[in-house]
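*Asks:* Have a peek at start-v8.cif (mmCIF, C-alpha atoms).
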```
data_run
#
loop_
_atom_site.label_atom_id
_atom_site.label_comp_id
_atom_site.auth_asym_id
_atom_site.auth_seq_id
_atom_site.Cartn_x
_atom_site.Cartn_y
_atom_site.Cartn_z
CA MET A 724 90.42 77.74 77.33
CA ALA A 725 91.77 79.64 74.33
CA LEU A 726 89.72 79.07 71.17
CA GLY A 727 90.04 79.90 67.49
CA PHE A 728 92.85 82.15 66.38
CA LEU A 729 93.92 82.70 70.01
CA ALA A 730 94.79 79.03 70.56
CA ARG A 731 98.44 78.03 70.93
CA SER A 732 98.08 75.42 68.20
CA ARG A 733 97.25 78.17 65.71
CA ILE A 734 100.49 80.10 66.25
CA VAL A 735 103.16 77.38 65.93
CA ALA A 736 105.76 78.78 63.55
CA PRO A 737 106.21 76.94 60.24
CA PRO A 738 109.67 75.79 59.11
CA GLY A 739 111.82 78.71 58.00
CA TRP A 740 109.94 81.32 60.02
CA THR A 741 112.41 83.83 61.44
CA ARG A 742 112.58 84.21 65.20
CA TRP A 743 113.46 87.90 64.80
CA LEU A 744 109.78 88.69 64.24
CA VAL A 745 109.00 87.80 67.86
CA PRO A 746 110.82 90.78 69.45
CA PRO A 747 108.74 93.32 67.44
CA ALA A 748 105.57 91.52 68.52
CA ALA A 749 106.70 91.74 72.14
CA LEU A 750 107.69 95.39 71.73
CA SER A 751 104.24 96.37 70.47
CA ILE A 752 102.84 95.18 73.81
CA HIS A 753 105.58 96.46 76.09
CA LEU A 754 105.91 99.89 74.48
CA SER A 755 102.19 100.36 75.07
CA ILE A 756 101.89 99.16 78.66
CA GLY A 757 105.12 101.03 79.44
CA GLN A 758 102.98 104.16 79.44
CA ALA A 759 102.58 103.46 83.15
CA TYR A 760 106.01 104.98 83.68
CA ALA A 761 104.72 108.33 82.44
CA TRP A 762 102.06 108.53 85.14
CA SER A 763 103.89 111.39 86.86
CA VAL A 764 102.93 113.65 83.92
CA PHE A 765 99.28 113.25 84.99
CA LYS A 766 99.87 113.66 88.72
CA THR A 767 99.97 117.47 88.95
CA PRO A 768 97.05 118.07 86.51
CA LEU A 769 94.90 115.58 88.45
CA GLU A 770 95.87 117.16 91.78
CA LYS A 771 94.79 120.60 90.54
CA THR A 772 91.60 119.64 88.73
CA MET A 773 90.36 117.02 91.21
CA HIS A 774 91.86 118.61 94.36
CA LEU A 775 94.06 115.67 95.34
CA SER A 776 97.16 115.33 97.51
CA GLY A 777 100.39 113.90 96.13
CA THR A 778 99.68 110.62 97.86
CA GLU A 779 96.16 110.42 96.44
CA SER A 780 97.24 111.18 92.88
CA GLY A 781 99.68 108.27 93.09
CA LEU A 782 96.92 105.74 93.89
CA PRO A 783 96.07 104.77 90.27
CA PHE A 784 99.74 104.07 89.58
CA GLN A 785 100.19 102.18 92.84
CA LEU A 786 97.12 100.00 92.26
CA GLY A 787 98.26 99.41 88.68
CA ILE A 788 101.57 98.00 89.90
CA VAL A 789 99.82 95.93 92.58
CA MET A 790 97.47 94.45 89.98
CA LEU A 791 100.41 93.92 87.63
CA GLY A 792 102.08 91.64 90.16
CA LEU A 793 98.91 89.86 91.23
CA SER A 794 97.63 89.24 87.69
CA ALA A 795 101.08 88.05 86.61
CA ALA A 796 101.24 85.67 89.58
CA PHE A 797 97.74 84.23 89.21
CA GLY A 798 97.69 84.38 85.42
CA GLY A 799 101.20 83.06 84.81
CA THR A 800 100.11 79.44 84.51
CA LEU A 801 97.24 80.40 82.16
CA VAL A 802 99.68 82.33 79.99
CA GLU A 803 101.92 79.26 79.77
CA LYS A 804 98.95 77.02 79.00
CA ASN A 805 97.04 79.15 76.48
CA GLY A 806 100.02 80.79 74.81
CA PRO A 807 101.23 84.32 74.12
CA ARG A 808 98.53 85.33 71.61
CA TRP A 809 95.76 84.67 74.13
CA ALA A 810 97.69 86.59 76.78
CA MET A 811 98.39 89.55 74.49
CA PHE A 812 94.72 89.71 73.51
CA VAL A 813 93.57 89.77 77.15
CA ALA A 814 96.18 92.44 77.92
CA THR A 815 94.99 94.58 74.99
CA ILE A 816 91.36 94.49 76.10
CA CYS A 817 92.12 95.24 79.75
CA PHE A 818 94.69 97.98 79.16
CA GLY A 819 92.55 99.83 76.62
CA THR A 820 89.41 99.52 78.74
CA GLY A 821 91.27 100.84 81.78
CA PHE A 822 91.96 104.12 80.01
CA LEU A 823 88.36 104.47 78.88
CA VAL A 824 87.05 103.97 82.44
CA ALA A 825 89.63 106.46 83.74
CA ALA A 826 88.46 108.98 81.12
CA LEU A 827 84.89 108.56 82.35
CA GLY A 828 86.07 109.07 85.93
CA VAL A 829 87.76 112.38 85.14
CA ALA A 830 84.85 113.59 83.01
CA THR A 831 82.36 112.90 85.81
CA GLY A 832 84.61 114.03 88.65
CA GLN A 833 84.72 110.53 90.17
CA PHE A 834 88.34 109.85 91.12
CA TRP A 835 87.53 106.32 92.27
CA LEU A 836 86.77 105.46 88.65
CA VAL A 837 90.24 106.66 87.66
CA VAL A 838 91.74 104.40 90.33
CA VAL A 839 89.61 101.39 89.36
CA GLY A 840 89.99 101.97 85.62
CA TYR A 841 93.65 102.83 85.23
CA GLY A 842 94.87 100.95 88.30
CA GLY A 843 92.51 97.98 88.56
CA ILE A 844 91.40 97.03 85.04
CA GLY A 845 94.44 98.55 83.34
CA GLY A 846 96.70 96.93 85.94
CA ILE A 847 95.48 93.48 84.90
CA GLY A 848 96.44 94.38 81.34
CA LEU A 849 99.86 95.45 82.64
CA GLY A 850 100.51 92.13 84.37
CA ILE A 851 99.25 89.78 81.65
CA GLY A 852 100.88 91.89 78.95
CA TYR A 853 104.19 92.07 80.78
CA ILE A 854 104.68 88.30 81.07
CA SER A 855 102.96 87.35 77.80
CA PRO A 856 106.08 87.28 75.57
CA VAL A 857 108.80 86.45 78.13
CA SER A 858 108.83 82.64 78.13
CA THR A 859 108.24 82.66 74.36
CA LEU A 860 111.32 84.83 73.82
CA ILE A 861 113.44 82.57 76.04
CA LYS A 862 112.35 79.57 73.96
CA TRP A 863 113.19 81.36 70.70
CA PHE A 864 116.54 82.62 72.03
CA PRO A 865 117.99 79.93 74.33
CA ASP A 866 121.46 80.99 73.16
CA ARG A 867 120.97 84.63 74.30
CA PRO A 868 118.18 84.76 76.89
CA GLY A 869 119.39 87.98 78.54
CA MET A 870 119.51 89.85 75.25
CA ALA A 871 116.13 88.49 74.11
CA THR A 872 114.20 89.40 77.23
CA GLY A 873 116.08 92.69 77.33
CA ILE A 874 114.76 93.64 73.90
CA ALA A 875 111.14 93.14 74.93
CA ILE A 876 111.30 94.48 78.44
CA MET A 877 113.27 97.43 77.04
CA GLY A 878 110.00 98.41 75.42
CA PHE A 879 108.25 98.56 78.77
CA GLY A 880 110.93 100.89 80.10
CA GLY A 881 110.81 103.01 76.96
CA GLY A 882 107.06 103.40 76.88
CA ALA A 883 107.23 106.67 78.78
CA LEU A 884 109.73 108.02 76.26
CA ILE A 885 106.81 108.14 73.84
CA ALA A 886 103.98 108.69 76.30
CA SER A 887 105.54 111.52 78.32
CA PRO A 888 105.91 114.14 75.54
CA TRP A 889 102.76 112.87 73.83
CA SER A 890 100.69 113.21 77.01
CA SER A 891 102.24 116.59 77.84
CA ALA A 892 101.38 117.91 74.38
CA MET A 893 97.75 116.83 74.75
CA LEU A 894 97.44 118.29 78.26
CA GLY A 895 99.03 121.66 77.50
CA SER A 896 100.30 124.08 80.13
CA THR A 897 97.02 124.53 82.07
CA PRO A 898 94.91 121.39 81.44
CA THR A 899 91.26 121.20 82.42
CA ALA A 900 89.39 118.07 83.48
CA SER A 901 88.07 117.81 79.93
CA ASP A 902 91.63 117.85 78.54
CA ILE A 903 92.68 115.02 80.86
CA ALA A 904 89.59 112.94 80.00
CA VAL A 905 90.21 113.33 76.26
CA ALA A 906 93.88 112.39 76.73
CA PHE A 907 92.90 109.19 78.54
CA LEU A 908 90.35 108.37 75.84
CA ILE A 909 92.85 108.81 73.01
CA HIS A 910 95.46 106.78 74.88
CA GLY A 911 93.06 103.87 75.28
CA VAL A 912 92.10 103.70 71.61
CA VAL A 913 95.59 104.21 70.17
CA TYR A 914 97.31 101.75 72.50
CA ALA A 915 94.69 99.06 71.85
CA ALA A 916 95.26 99.39 68.10
CA PHE A 917 99.05 99.23 68.48
CA MET A 918 98.93 96.21 70.80
CA THR A 919 96.75 94.34 68.29
CA MET A 920 99.78 94.22 65.97
CA GLY A 921 101.58 92.04 68.51
CA VAL A 922 98.54 89.79 68.91
CA LEU A 923 98.54 89.06 65.19
CA LEU A 924 102.31 88.70 64.74
CA VAL A 925 103.43 86.49 67.65
CA ARG A 926 104.41 82.83 67.08
CA VAL A 927 105.81 79.99 69.23
CA PRO A 928 108.54 77.55 68.13
CA ALA A 929 107.65 74.00 67.15
CA ASP A 930 108.46 71.22 69.63
CA GLY A 931 112.14 70.36 69.52
CA TRP A 932 113.16 73.54 67.69
CA LYS A 933 116.56 75.07 68.48
CA PRO A 934 118.86 77.58 66.77
CA ALA A 935 121.05 76.08 64.06
CA GLY A 936 124.36 74.88 65.47
CA TRP A 937 123.43 75.61 69.09
CA GLU A 938 123.63 73.06 71.88
CA PRO A 939 122.56 73.55 75.52
CA LYS A 940 125.40 74.42 77.88
CA VAL A 941 126.47 72.04 80.60
CA LEU A 942 126.22 73.14 84.22
CA GLU A 943 128.33 76.22 84.87
CA THR A 944 128.30 76.52 88.66
CA LYS A 945 130.11 79.85 88.74
CA LYS A 946 127.38 81.43 86.62
CA LEU A 947 124.54 79.47 88.24
CA ILE A 948 123.45 78.06 84.87
CA SER A 949 121.66 74.72 85.24
CA THR A 950 120.40 72.24 82.64
CA HIS A 951 117.80 70.95 85.13
CA ASN A 952 114.18 72.07 85.39
CA VAL A 953 112.11 73.10 88.42
CA SER A 954 108.31 73.45 88.49
CA ALA A 955 106.61 76.64 89.61
CA ALA A 956 105.28 74.86 92.70
CA ASN A 957 108.72 73.61 93.70
CA ALA A 958 110.37 76.95 92.93
CA LEU A 959 108.30 78.51 95.71
CA LYS A 960 109.92 76.06 98.15
CA THR A 961 113.46 77.12 97.32
CA PRO A 962 115.44 79.84 99.13
CA GLN A 963 116.64 81.06 95.71
CA PHE A 964 113.13 82.16 94.76
CA TRP A 965 112.68 84.17 97.95
CA CYS A 966 116.14 85.71 97.78
CA LEU A 967 115.34 86.92 94.27
CA TRP A 968 111.93 88.11 95.49
CA ILE A 969 113.69 90.33 98.03
CA VAL A 970 116.23 91.51 95.44
CA LEU A 971 113.53 92.48 92.95
CA CYS A 972 111.30 94.11 95.55
CA LEU A 973 114.04 96.34 96.97
CA ASN A 974 115.63 97.22 93.63
CA VAL A 975 112.20 98.19 92.27
CA THR A 976 111.32 100.16 95.40
CA ALA A 977 114.49 102.21 95.03
CA GLY A 978 113.82 102.98 91.35
CA ILE A 979 110.07 103.43 91.37
CA GLY A 980 110.28 105.96 94.18
CA ILE A 981 112.02 108.36 91.80
CA LEU A 982 110.12 107.38 88.68
CA GLU A 983 106.61 107.77 90.08
CA LYS A 984 107.33 111.31 91.29
CA ALA A 985 109.98 112.31 88.76
CA ALA A 986 108.38 115.47 87.34
CA PRO A 987 107.35 117.10 90.66
CA MET A 988 110.55 115.86 92.35
CA ILE A 989 112.99 117.67 90.08
CA THR A 990 110.77 120.78 90.20
CA ASP A 991 110.77 120.74 94.01
CA PHE A 992 114.47 119.93 94.22
CA PHE A 993 115.59 123.04 92.36
CA LYS A 994 112.80 125.44 93.32
CA GLY A 995 114.27 128.61 94.77
CA THR A 996 117.69 128.06 93.16
CA SER A 997 119.25 130.12 90.37
CA ALA A 998 118.20 127.42 87.89
CA PRO A 999 114.59 126.35 88.60
CA VAL A 1000 113.03 123.59 86.49
CA SER A 1001 110.02 124.45 84.31
CA THR A 1002 107.08 122.14 83.69
CA ALA A 1003 108.32 121.38 80.18
CA ALA A 1004 111.83 120.63 81.46
CA ALA A 1005 110.38 118.34 84.13
CA ALA A 1006 108.53 116.40 81.42
CA GLY A 1007 111.83 116.19 79.55
CA PHE A 1008 113.45 114.76 82.69
CA VAL A 1009 110.76 112.06 82.79
CA ALA A 1010 111.55 111.25 79.15
CA MET A 1011 115.29 111.06 79.90
CA LEU A 1012 114.65 108.69 82.79
CA SER A 1013 112.51 106.60 80.48
CA LEU A 1014 115.33 106.49 77.93
CA THR A 1015 117.89 105.23 80.45
CA ASN A 1016 115.31 102.86 81.94
CA MET A 1017 114.78 101.49 78.43
CA LEU A 1018 118.45 101.30 77.43
CA GLY A 1019 119.41 99.75 80.76
CA ARG A 1020 116.99 96.91 80.12
CA PHE A 1021 118.79 95.97 76.92
CA VAL A 1022 122.41 96.92 77.67
CA TRP A 1023 122.73 95.50 81.20
CA SER A 1024 120.78 92.31 80.44
CA SER A 1025 123.01 91.71 77.40
CA VAL A 1026 126.08 92.26 79.60
CA SER A 1027 124.68 89.69 82.02
CA ASP A 1028 125.02 87.04 79.28
CA LEU A 1029 128.78 87.65 79.55
CA VAL A 1030 129.40 88.28 83.27
CA GLY A 1031 126.60 86.25 84.87
CA ARG A 1032 123.34 87.30 86.51
CA LYS A 1033 124.60 87.36 90.09
CA ASN A 1034 127.47 89.69 89.22
CA ILE A 1035 125.24 92.11 87.33
CA TYR A 1036 122.86 92.35 90.30
CA ARG A 1037 125.81 93.14 92.54
CA PHE A 1038 126.45 96.03 90.18
CA TYR A 1039 122.82 97.24 90.18
CA LEU A 1040 122.41 97.17 93.95
CA GLY A 1041 125.87 98.24 95.12
CA LEU A 1042 126.42 101.13 92.73
CA GLY A 1043 122.77 102.13 93.06
CA ALA A 1044 123.21 102.65 96.80
CA LEU A 1045 126.31 104.79 96.19
CA LEU A 1046 124.47 106.94 93.64
CA TYR A 1047 121.64 107.61 96.10
CA LEU A 1048 124.25 108.62 98.65
CA VAL A 1049 125.79 111.09 96.18
CA ILE A 1050 122.39 112.73 95.59
CA ALA A 1051 121.68 112.90 99.32
CA LEU A 1052 125.04 114.50 100.12
CA THR A 1053 125.23 116.97 97.21
CA THR A 1054 121.52 117.99 97.44
CA ASN A 1055 120.72 120.63 94.76
CA SER A 1056 124.26 121.93 94.26
CA SER A 1057 124.47 120.46 90.75
CA LYS A 1058 121.56 119.84 88.44
CA LEU A 1059 123.79 117.84 86.08
CA LEU A 1060 124.95 115.53 88.87
CA PHE A 1061 121.39 115.00 90.09
CA VAL A 1062 120.17 114.12 86.59
CA LEU A 1063 123.08 111.78 85.83
CA CYS A 1064 122.71 109.89 89.12
CA ALA A 1065 118.95 109.55 88.63
CA MET A 1066 119.44 108.29 85.08
CA LEU A 1067 121.94 105.63 86.20
CA ILE A 1068 119.68 104.51 89.04
CA LEU A 1069 116.83 104.12 86.56
CA SER A 1070 119.07 102.17 84.17
CA PHE A 1071 119.77 99.68 86.99
CA TYR A 1072 116.07 99.61 87.82
CA GLY A 1073 115.29 98.67 84.22
CA GLY A 1074 118.17 96.24 83.98
CA GLY A 1075 116.93 94.45 87.08
CA PHE A 1076 113.64 93.68 85.34
CA SER A 1077 115.10 92.47 82.05
CA THR A 1078 117.82 90.34 83.67
CA LEU A 1079 115.36 88.60 85.98
CA PRO A 1080 113.79 86.14 83.46
CA ALA A 1081 117.27 84.98 82.40
CA TYR A 1082 118.29 84.64 86.07
CA LEU A 1083 115.20 82.47 86.64
CA LYS A 1084 115.94 80.42 83.55
CA ASP A 1085 119.50 79.83 84.75
CA LEU A 1086 118.31 78.66 88.17
CA PHE A 1087 115.04 76.85 87.36
CA GLY A 1088 115.29 75.90 83.66
CA ASN A 1089 112.80 76.52 80.84
CA TYR A 1090 110.02 74.41 82.35
CA GLN A 1091 107.32 76.79 83.66
CA VAL A 1092 109.74 79.73 83.72
CA GLY A 1093 106.88 82.04 82.71
CA ALA A 1094 104.76 80.92 85.66
CA ILE A 1095 107.72 81.30 88.04
CA HIS A 1096 108.36 84.78 86.64
CA GLY A 1097 104.73 85.71 87.18
CA ARG A 1098 104.82 84.62 90.80
CA LEU A 1099 108.01 86.54 91.44
CA LEU A 1100 106.42 89.72 90.11
CA THR A 1101 104.36 89.91 93.30
CA ALA A 1102 107.53 91.58 94.59
CA TRP A 1103 106.81 94.35 92.09
CA SER A 1104 103.32 94.71 93.57
CA VAL A 1105 104.77 95.29 97.02
CA ALA A 1106 107.39 97.67 95.67
CA GLY A 1107 104.75 99.53 93.67
CA VAL A 1108 103.09 100.46 96.95
CA LEU A 1109 106.22 100.77 99.07
CA GLY A 1110 108.25 103.08 96.79
CA PRO A 1111 105.61 105.77 96.19
CA LEU A 1112 104.38 105.46 99.78
CA ILE A 1113 107.87 106.23 101.10
CA VAL A 1114 108.59 109.11 98.72
CA ASP A 1115 105.09 110.65 98.52
CA GLY A 1116 104.30 110.13 102.19
CA ILE A 1117 107.55 111.60 103.48
CA ALA A 1118 107.44 114.50 101.01
CA ASP A 1119 103.87 115.37 102.05
CA SER A 1120 104.85 115.16 105.71
CA GLU A 1121 107.94 117.34 105.29
CA LYS A 1122 105.96 119.89 103.29
CA SER A 1123 103.39 120.09 106.08
CA ALA A 1124 106.29 120.74 108.47
CA GLY A 1125 107.33 123.75 106.38
CA LYS A 1126 110.29 122.19 104.61
CA SER A 1127 111.07 122.57 100.89
CA GLY A 1128 113.60 121.68 98.20
CA PRO A 1129 115.89 118.66 98.79
CA ASP A 1130 114.71 118.46 102.41
CA LEU A 1131 111.46 116.96 101.13
CA TYR A 1132 113.33 113.88 99.88
CA ALA A 1133 116.48 113.46 102.02
CA THR A 1134 114.94 110.93 104.40
CA SER A 1135 113.52 108.93 101.49
CA PHE A 1136 116.92 108.71 99.83
CA TYR A 1137 118.61 107.36 102.94
CA ILE A 1138 115.86 104.75 103.27
CA MET A 1139 116.49 103.70 99.64
CA ILE A 1140 120.20 103.29 100.39
CA GLY A 1141 119.38 100.92 103.23
CA LEU A 1142 116.98 98.91 101.08
CA LEU A 1143 119.54 98.48 98.30
CA VAL A 1144 122.14 97.25 100.79
CA VAL A 1145 119.68 94.62 102.07
CA GLY A 1146 119.00 93.60 98.44
CA PHE A 1147 122.75 93.27 97.82
CA ILE A 1148 123.04 90.90 100.78
CA ALA A 1149 120.05 88.81 99.62
CA ASN A 1150 121.66 88.38 96.19
CA GLU A 1151 124.78 86.97 97.86
CA PHE A 1152 122.71 84.08 99.23
CA VAL A 1153 121.67 82.87 95.76
CA ARG A 1154 123.16 79.42 95.06
CA PRO A 1155 122.42 76.61 92.56
CA VAL A 1156 119.09 74.89 93.25
CA LYS A 1157 119.36 71.59 95.12
CA ALA A 1158 118.66 68.40 93.18
CA LYS A 1159 115.63 67.49 95.33
CA TYR A 1160 113.66 70.28 93.64
CA HIS A 1161 114.48 69.16 90.07
CA GLU A 1162 111.80 67.72 87.83
CA THR A 1163 112.18 64.29 86.21
CA VAL A 1164 113.15 64.24 82.54
CA ASP A 1165 109.95 62.39 81.56
CA ARG A 1166 107.64 64.94 83.18
CA THR A 1167 109.25 67.99 81.59
CA GLN A 1168 109.17 66.33 78.18
CA VAL A 1169 105.46 65.57 78.44
CA GLY A 1170 104.53 69.24 78.30
CA SER A 1171 106.94 72.04 78.97
CA GLU A 1172 104.04 74.48 78.84
CA ALA A 1173 101.85 72.67 81.39
#
```
Could you express the structure from this file as structure tokens?
*Replies:*
Amino acid sequence: MALGFLARSRIVAPPGWTRWLVPPAALSIHLSIGQAYAWSVFKTPLEKTMHLSGTESGLPFQLGIVMLGLSAAFGGTLVEKNGPRWAMFVATICFGTGFLVAALGVATGQFWLVVVGYGGIGGIGLGIGYISPVSTLIKWFPDRPGMATGIAIMGFGGGALIASPWSSAMLGSTPTASDIAVAFLIHGVVYAAFMTMGVLLVRVPADGWKPAGWEPKVLETKKLISTHNVSAANALKTPQFWCLWIVLCLNVTAGIGILEKAAPMITDFFKGTSAPVSTAAAAGFVAMLSLTNMLGRFVWSSVSDLVGRKNIYRFYLGLGALLYLVIALTTNSSKLLFVLCAMLILSFYGGGFSTLPAYLKDLFGNYQVGAIHGRLLTAWSVAGVLGPLIVDGIADSEKSAGKSGPDLYATSFYIMIGLLVVGFIANEFVRPVKAKYHETVDRTQVGSEA
């Protein structure tokens, strides 16, 4: 149970408090935990200093995403009950500690400590931190839920935009184990301090609060917007939940496969051509992907407020499959085309995350939307293993067979195309939730945060 300054009762906003202070609080958390998307900057240095394969160096990241989904699923109800300040505080402690344990692992040559620290402990911080502001933002911005969640989750996508050049600068061109350990140590301390700002700033609206002049919309079947509420337990019984689980899992798998291996991928892709990619340029590519990942989370989720969530997911999945096909067919003939396609794919990847809470709110209502969101993020856990496993595993296998360049990734790209097509089909099955799953008015009024 949350006590003292962490308790929900201590952070109810007074009359006149501006809701526009909540997005910065959410951003301080998401910009920090978004460092996970810059993991590829550490992959090659760890492989060289600790003698790891590409698959092994991806384990901390993979476990981090697994723990993100699991902690979000199991902690979602606690986040709803105890409030966002409690959740942000837990996330700060876990995420910062994860870096410190990883630093110890590198310094002592114990890779399992890097996996447990960054992936296990830090992964719990990722999951609790990721969902901590989402339901709060939806309650503060019922008139623009896609935009609101897009602002916060944009920070998670943009974390690598800061972390990638920052980490690269600390590591240098030929980092030693000591350099990596110090980088992890500094990351842990700085991110913990930055996340504390969000812990202190966040507030929740008072019961009955709503934006001036705004009234809830009536049912809009064509956009799947419902005024009814569904509990987290009942949401698991609906086909809509599992269709969205498949959509999220496959969209994330397709994006994370590129993101987790971005720096070595672009280096491999254009090795032996007239325009090879340097280490610094590869880090720049990671930063560019982070930028489009970040912008996609805000731009596409805001667009979804206008065109509807189902239509925007058709866009993510359908066009994403076509972009993968373009990369697979053109191989390394054009660096510009490769970069542009990858950036768009990552923008859809990011948009898929930020649009999801609004999609859930449309289908299941505000009641326990945070807990439902947390449970759905188990799809991210599966994708966090599946995406890197496909790309890293196939690349390692093809390299052992003597292949190089685009041939290392061709099979992976065709697999991603197939997964996106399956996701597109799953999205087509999403319909309004049947009335038998709706909560009674009295129950949802008793405690919307239960």
*Asks:* Tell me, as a list in words, which residues lie within 7 Å of Val824 in chain A, counting all atoms listed in the file; anything in the same chain fewer than 4 positions away does not count.
*Replies:*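 Near Val824 in chain A, the qualifying residues are Thr820, Gly828, Leu836, Val837 and Gly840 of chain A.
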*Asks:* Enumerate, in order of chain and increasing residue number, the residues of range 1011-1030 of chain A with an atom no farther than 9 Å from range 858-873 of chain A, each with its shortest atom pair and distance in Å to one decimal, counting all atoms listed in the file, as a Markdown table.
*Replies:*
```
| residue | atom | partner | partner_atom | distance |
| --- | --- | --- | --- | --- |
| A:Met1017 | CA | A:Gly873 | CA | 9.0 |
| A:Leu1018 | CA | A:Gly873 | CA | 8.9 |
| A:Gly1019 | CA | A:Gly873 | CA | 8.5 |
| A:Arg1020 | CA | A:Gly873 | CA | 5.1 |
| A:Phe1021 | CA | A:Gly873 | CA | 4.3 |
| A:Val1022 | CA | A:Gly873 | CA | 7.6 |
| A:Trp1023 | CA | A:Gly873 | CA | 8.2 |
| A:Ser1024 | CA | A:Gly869 | CA | 4.9 |
| A:Ser1025 | CA | A:Met870 | CA | 4.5 |
| A:Val1026 | CA | A:Gly869 | CA | 8.0 |
| A:Ser1027 | CA | A:Gly869 | CA | 6.6 |
| A:Asp1028 | CA | A:Gly869 | CA | 5.8 |
```
*Asks:* Apply the PyMOL selection byres ((chain A and resi 964) around 10) to the structure shown and report the selected residues as a PyMOL selection string.
*Replies:* chain A and resi 955+957-963+965-970+1083+1086-1087+1095-1096+1098-1099+1153+1156
*Asks:* Find the residues around range 926-941 of chain A up to 7 Å (only C-alpha atoms counted), leave out those fewer than 4 positions away in its own chain, and share them as a list in words.
*Replies:*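 Using only C-alpha atoms, the neighbours found are Ile734, Val735, Ala736, Val745, Thr859, Trp863 and Thr950 of chain A.
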*Asks:* I'd like to know which of A:Ile874, A:Leu973, A:Leu982, A:Ala825 is closest to Ala900 in chain A, using only C-alpha atoms.
*Replies:* A:Ala825
*Asks:* Pull out every residue that the PyMOL selection byres ((chain A and resi 752-767) around 6) matches in the shown coordinates and put them as a ChimeraX atom specification.
*Replies:* /A:749-751,768-770,780,849,878-880,882-883,886-887,914,918,983-984
*Asks:* I need the chosen residues saved as a PDB file, keeping the file's coordinate frame, with C-alpha atoms.
*Replies:*
```pdb
ATOM      1  CA  ALA A 749     106.700  91.740  72.140  1.00  0.00           C
ATOM      2  CA  LEU A 750     107.690  95.390  71.730  1.00  0.00           C
ATOM      3  CA  SER A 751     104.240  96.370  70.470  1.00  0.00           C
ATOM      4  CA  PRO A 768      97.050 118.070  86.510  1.00  0.00           C
ATOM      5  CA  LEU A 769      94.900 115.580  88.450  1.00  0.00           C
ATOM      6  CA  GLU A 770      95.870 117.160  91.780  1.00  0.00           C
ATOM      7  CA  SER A 780      97.240 111.180  92.880  1.00  0.00           C
ATOM      8  CA  LEU A 849      99.860  95.450  82.640  1.00  0.00           C
ATOM      9  CA  GLY A 878     110.000  98.410  75.420  1.00  0.00           C
ATOM     10  CA  PHE A 879     108.250  98.560  78.770  1.00  0.00           C
ATOM     11  CA  GLY A 880     110.930 100.890  80.100  1.00  0.00           C
ATOM     12  CA  GLY A 882     107.060 103.400  76.880  1.00  0.00           C
ATOM     13  CA  ALA A 883     107.230 106.670  78.780  1.00  0.00           C
ATOM     14  CA  ALA A 886     103.980 108.690  76.300  1.00  0.00           C
ATOM     15  CA  SER A 887     105.540 111.520  78.320  1.00  0.00           C
ATOM     16  CA  TYR A 914      97.310 101.750  72.500  1.00  0.00           C
ATOM     17  CA  MET A 918      98.930  96.210  70.800  1.00  0.00           C
ATOM     18  CA  GLU A 983     106.610 107.770  90.080  1.00  0.00           C
ATOM     19  CA  LYS A 984     107.330 111.310  91.290  1.00  0.00           C
TER      20      LYS A 984
END
```
*Asks:* Translate the PyMOL selection byres ((chain A and resi 1033-1035) around 8) into a concrete residue list for this structure, as a PDB file with C-alpha atoms, in the frame of the given file.
*Replies:*
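Here's the written file part_10.pdb:
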```
ATOM      1  CA  LYS A 946     127.380  81.430  86.620  1.00  0.00           C
ATOM      2  CA  TRP A1023     122.730  95.500  81.200  1.00  0.00           C
ATOM      3  CA  VAL A1026     126.080  92.260  79.600  1.00  0.00           C
ATOM      4  CA  SER A1027     124.680  89.690  82.020  1.00  0.00           C
ATOM      5  CA  VAL A1030     129.400  88.280  83.270  1.00  0.00           C
ATOM      6  CA  GLY A1031     126.600  86.250  84.870  1.00  0.00           C
ATOM      7  CA  ARG A1032     123.340  87.300  86.510  1.00  0.00           C
ATOM      8  CA  TYR A1036     122.860  92.350  90.300  1.00  0.00           C
ATOM      9  CA  ARG A1037     125.810  93.140  92.540  1.00  0.00           C
ATOM     10  CA  PHE A1038     126.450  96.030  90.180  1.00  0.00           C
ATOM     11  CA  TYR A1039     122.820  97.240  90.180  1.00  0.00           C
ATOM     12  CA  TYR A1082     118.290  84.640  86.070  1.00  0.00           C
ATOM     13  CA  ASN A1150     121.660  88.380  96.190  1.00  0.00           C
ATOM     14  CA  GLU A1151     124.780  86.970  97.860  1.00  0.00           C
ATOM     15  CA  VAL A1153     121.670  82.870  95.760  1.00  0.00           C
TER      16      VAL A1153
END
```
*Asks:* I need the residue nearest Gly1146 in chain A from this list: A:Cys972, A:Val838, A:Ala1010, A:Leu1048. Use all atoms listed in the file for the distance.
*Replies:*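 Counting all atoms listed in the file, the residue closest to Gly1146 in chain A is A:Cys972.
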*Asks:* Of the residues A:Phe1008, A:Tyr1090, A:Phe728, A:Tyr1137, which is the one nearest to Pro888 in chain A, using all atoms listed in the file?
*Replies:*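 The closest residue to Pro888 in chain A is A:Phe1008.
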*Asks:* Within 12 Å of Val802 in chain A, counting only C-alpha atoms, which residues qualify if same-chain residues fewer than 6 places away don't, as a VMD selection string?
*Replies:* chain A and resid 724 to 725 729 to 731 794 to 796 808 to 814 850 to 859 1091 to 1097 1172 to 1173
*Asks:* Can you tell me how far CA of Phe1136 in chain A sits from CA of Ala1044 in chain A, in Å to one decimal?
*Replies:*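 The value is 9.2 Å.
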*Asks:* Using all atoms listed in the file, which of A:Asp991, A:Ala916, A:Phe818, A:Ala998 sits nearest Lys1122 in chain A?
*Replies:* A:Asp991
*Asks:* Do you have the CA of Phe1147 in chain A-CA of Thr778 in chain A distance handy?
*Replies:* 28.9 Å
